[in-house]
Amino acid sequence: MEQKYKSDVEAIDALARSYGKLKKEIGKIIVGQDDVIKSVLIGLFSNGHSLLVGVPGLAKTLLIQTISDALDLEFKRIQFTPDLMPSDITGSEILDESRRFQFNKGPVFANIILADEINRTPPKTQAALLEAMQEKSVTVSGNKYKLPEPFFVLATQNPIEQEGTYPLPEAQLDRFMFNIPLHYPNFEEEIDVVKNTTTDKKAIVNKVLSGDDILFFQKMVRKIPIADNVLEYAVNLTAKTRPGSDRASDMANKFLSWGAGPRASQYLVLGAKCNAAISGKYSPDIEDIRAVAINVLRHRIIKNYKAEAEGISEEDIIKTLF
């Protein structure tokens with residue numbers, strides 16, 4: 001793959017073109033949701049996992065399925081339920097005919113995993129998936145098994161129903177690069193959705209990128225240079241969310257009980273590098289940090305009772321940090 005491009009500049013141009021092609025293919029099935037598609041693809045090229053939060057019927061599952069159709073990768077869907085066991089995800093050892101233990105791989109052994117309604121399963125099972133996300137491997141009966149590369153988890157969560165759900169702990173939420181909200185389509189978009197889905201015509205999504213292409217672009221994103229002042233801006237933005245610290249903003253001190261950790265700064269920089277590349281730039285600026293900041297920080301800050309009482313959202317707090 002590396003021989004294809006004479007220079008890093010050419011490779012970044014190729015990334016921007018590939019992003020454009022991917023968006024076009026996904027657009028054959030998904031109407032609107034441009035910001036959501038952009039964020040998921042930035043996560044993919046930055047080697048980060050994404051959590052999609054939205055009410056039922058907003059095509060979260062369809063979006064993820066369509067992205068996997070446009071990529072030449074193995075895709076598995078895991079429907080999370082209260083009775084799902086860790087071994088249902090990772091796999092288990094079974095006795096074969098010769099009475100030897102043989103490892104039977106679970107659905108986590110794929111390139112793209114759709115973890116549907118991740119908050120419907122108990123913490124023990126959530127932890128099995130989150131170990132795989134962090135380590136890119138699973139441990140069964142003391143043996144470690146490496147997962148295929150690239151490995152990318154897209155989890156969905158329904159924010160409404162709290163009954164029968166197990167909210168993800170903060171340490172586990174931190175494993176996700178982005179927390180991406182989905183909203184209802186506008187009137188025109190909804191007309192298009194209904195028009196496209198109530199006929200017998202079926203759009204064909206073409207494969208755009210292979211697994212090797214994605215691994216190459218993930219390395220490429222890390223190689224993109226970043227100016228010191230932009231890097232400092234990203235770290236400062238994260239530091240401003242920590243109440244009681246030297247750099248804490250007034251809003252953080254007033255409305256937050258907990259701020260974002262260093263992983264937020266890392267994802268701000270990686271996300272900004274990728275955002276710059278797909279926008280045709282060869283180095284990120286402060287605008288690129290801001291473009292990804294809300295999705296990176298939203299699930300890493302914890303509001304206090306005062307913010308809840310006054311109806312102040314995470315987005316409101318993050319926007320004041322800019």
# chains A, B, ... in the order shown; residues from 1 in each chain; ligands from 1
$ residues_around --residues "Lys273 (chain A)" --least-positions-apart "6" --cutoff "10 Å" --atoms "only C-alpha atoms" --output "ChimeraX atom specification"
/A:42,46,220-226,267,279,281-285,288-289
$ residues_around --residues "Phe109 (chain A)" --least-positions-apart "6" --cutoff "10 Å" --atoms "only C-alpha atoms" --output "VMD selection string"
chain A and resid 74 to 76 89 to 91 132 136 to 138 145 to 149 151
$ write_last_selection --atoms "C-alpha atoms" --output "mmCIF file, in the first residue's frame"
data_model
loop_
_atom_site.group_PDB
_atom_site.id
_atom_site.type_symbol
_atom_site.label_atom_id
_atom_site.label_comp_id
_atom_site.auth_asym_id
_atom_site.auth_seq_id
_atom_site.Cartn_x
_atom_site.Cartn_y
_atom_site.Cartn_z
ATOM 1 C CA GLU A 74 -15.841 -8.583 8.198
ATOM 2 C CA PHE A 75 -18.846 -7.255 10.108
ATOM 3 C CA LYS A 76 -20.605 -8.796 13.129
ATOM 4 C CA ILE A 89 -18.971 -12.283 22.968
ATOM 5 C CA THR A 90 -15.439 -13.616 23.295
ATOM 6 C CA GLY A 91 -16.046 -17.296 22.564
ATOM 7 C CA ALA A 132 -11.320 -6.332 23.651
ATOM 8 C CA LYS A 136 -7.316 -5.636 20.839
ATOM 9 C CA SER A 137 -7.273 -9.178 22.215
ATOM 10 C CA VAL A 138 -9.371 -11.468 24.444
ATOM 11 C CA TYR A 145 -6.178 -14.480 21.405
ATOM 12 C CA LYS A 146 -5.393 -11.526 19.149
ATOM 13 C CA LEU A 147 -8.282 -9.851 17.333
ATOM 14 C CA PRO A 148 -8.132 -9.132 13.575
ATOM 15 C CA GLU A 149 -6.934 -5.721 12.381
ATOM 16 C CA PHE A 151 -10.706 -3.620 14.827
#
$ atom_distance --atom1 "CA of Ile29 (chain A)" --atom2 "CA of Ile204 (chain A)"
8.5 Å
$ atom_distance --atom1 "CA of Ser245 (chain A)" --atom2 "CA of Gly261 (chain A)"
12.4 Å
$ closest_residue --among "A:Lys240, A:Lys23, A:Lys319, A:Lys60" --to "Gly259 (chain A)" --atoms "only C-alpha atoms"
A:Lys240
$ residues_around --residues "region 301-312 of chain A" --least-positions-apart "5" --cutoff "6 Å" --atoms "only C-alpha atoms" --output "VMD selection string"
chain A and resid 255 to 260
$ select_by_dssp --residues "region 40-220 of chain A" --states "strand (DSSP E or B)" --output "VMD selection string"
chain A and resid 49 to 53 71 to 72 75 to 79 91 to 95 101 to 105 112 to 116 137 to 140 143 to 146 152 to 157 176 to 181 209 to 210
$ atom_distance --atom1 "CA of Ser39 (chain A)" --atom2 "CA of Ser68 (chain A)"
15.0 Å
$ residues_around --residues "Phe187 (chain A)" --least-positions-apart "6" --cutoff "12 Å" --atoms "only C-alpha atoms" --output "PDB file with N, CA and C atoms, in the first residue's frame"
ATOM      1  N   VAL A  31     -29.986   9.032   4.541  1.00  0.00           N
ATOM      2  CA  VAL A  31     -30.361  10.403   4.166  1.00  0.00           C
ATOM      3  C   VAL A  31     -29.994  11.338   5.320  1.00  0.00           C
ATOM      4  N   GLY A  32     -29.293  12.440   4.999  1.00  0.00           N
ATOM      5  CA  GLY A  32     -28.905  13.392   6.048  1.00  0.00           C
ATOM      6  C   GLY A  32     -27.850  12.800   6.966  1.00  0.00           C
ATOM      7  N   VAL A 193     -36.478   9.901   3.319  1.00  0.00           N
ATOM      8  CA  VAL A 193     -36.333   8.587   3.975  1.00  0.00           C
ATOM      9  C   VAL A 193     -37.530   7.707   3.641  1.00  0.00           C
ATOM     10  N   VAL A 194     -38.733   8.260   3.816  1.00  0.00           N
ATOM     11  CA  VAL A 194     -39.953   7.477   3.586  1.00  0.00           C
ATOM     12  C   VAL A 194     -40.061   7.088   2.110  1.00  0.00           C
TER      13      VAL A 194
END
$ closest_residue --among "A:Gly20, A:Gly106, A:Gly54, A:Pro262" --to "Ala155 (chain A)" --atoms "only C-alpha atoms"
A:Gly54
$ residues_around --residues "Val153 (chain A)" --least-positions-apart "6" --cutoff "10 Å" --atoms "only C-alpha atoms" --output "NGL selection string"
:A and (43-44 or 47-51 or 64 or 76 or 108 or 110-115 or 129-130 or 132-133 or 176)
$ closest_residue --among "A:Ala293, A:Ala11, A:Val40, A:Ile67" --to "Val208 (chain A)" --atoms "only C-alpha atoms"
A:Ile67
$ select_by_dssp --residues "region 45-283 of chain A" --states "alpha helix (DSSP H)" --output "PyMOL selection string"
chain A and resi 45+60-70+86-90+123-135+170-173+187-197+211-223+228-239+250-255+262-278
$ residues_around --residues "Leu84 (chain A)" --least-positions-apart "5" --cutoff "9 Å" --atoms "only C-alpha atoms" --output "list in words"
Gln79, Ile89, Thr121, Pro122 and Thr125 of chain A
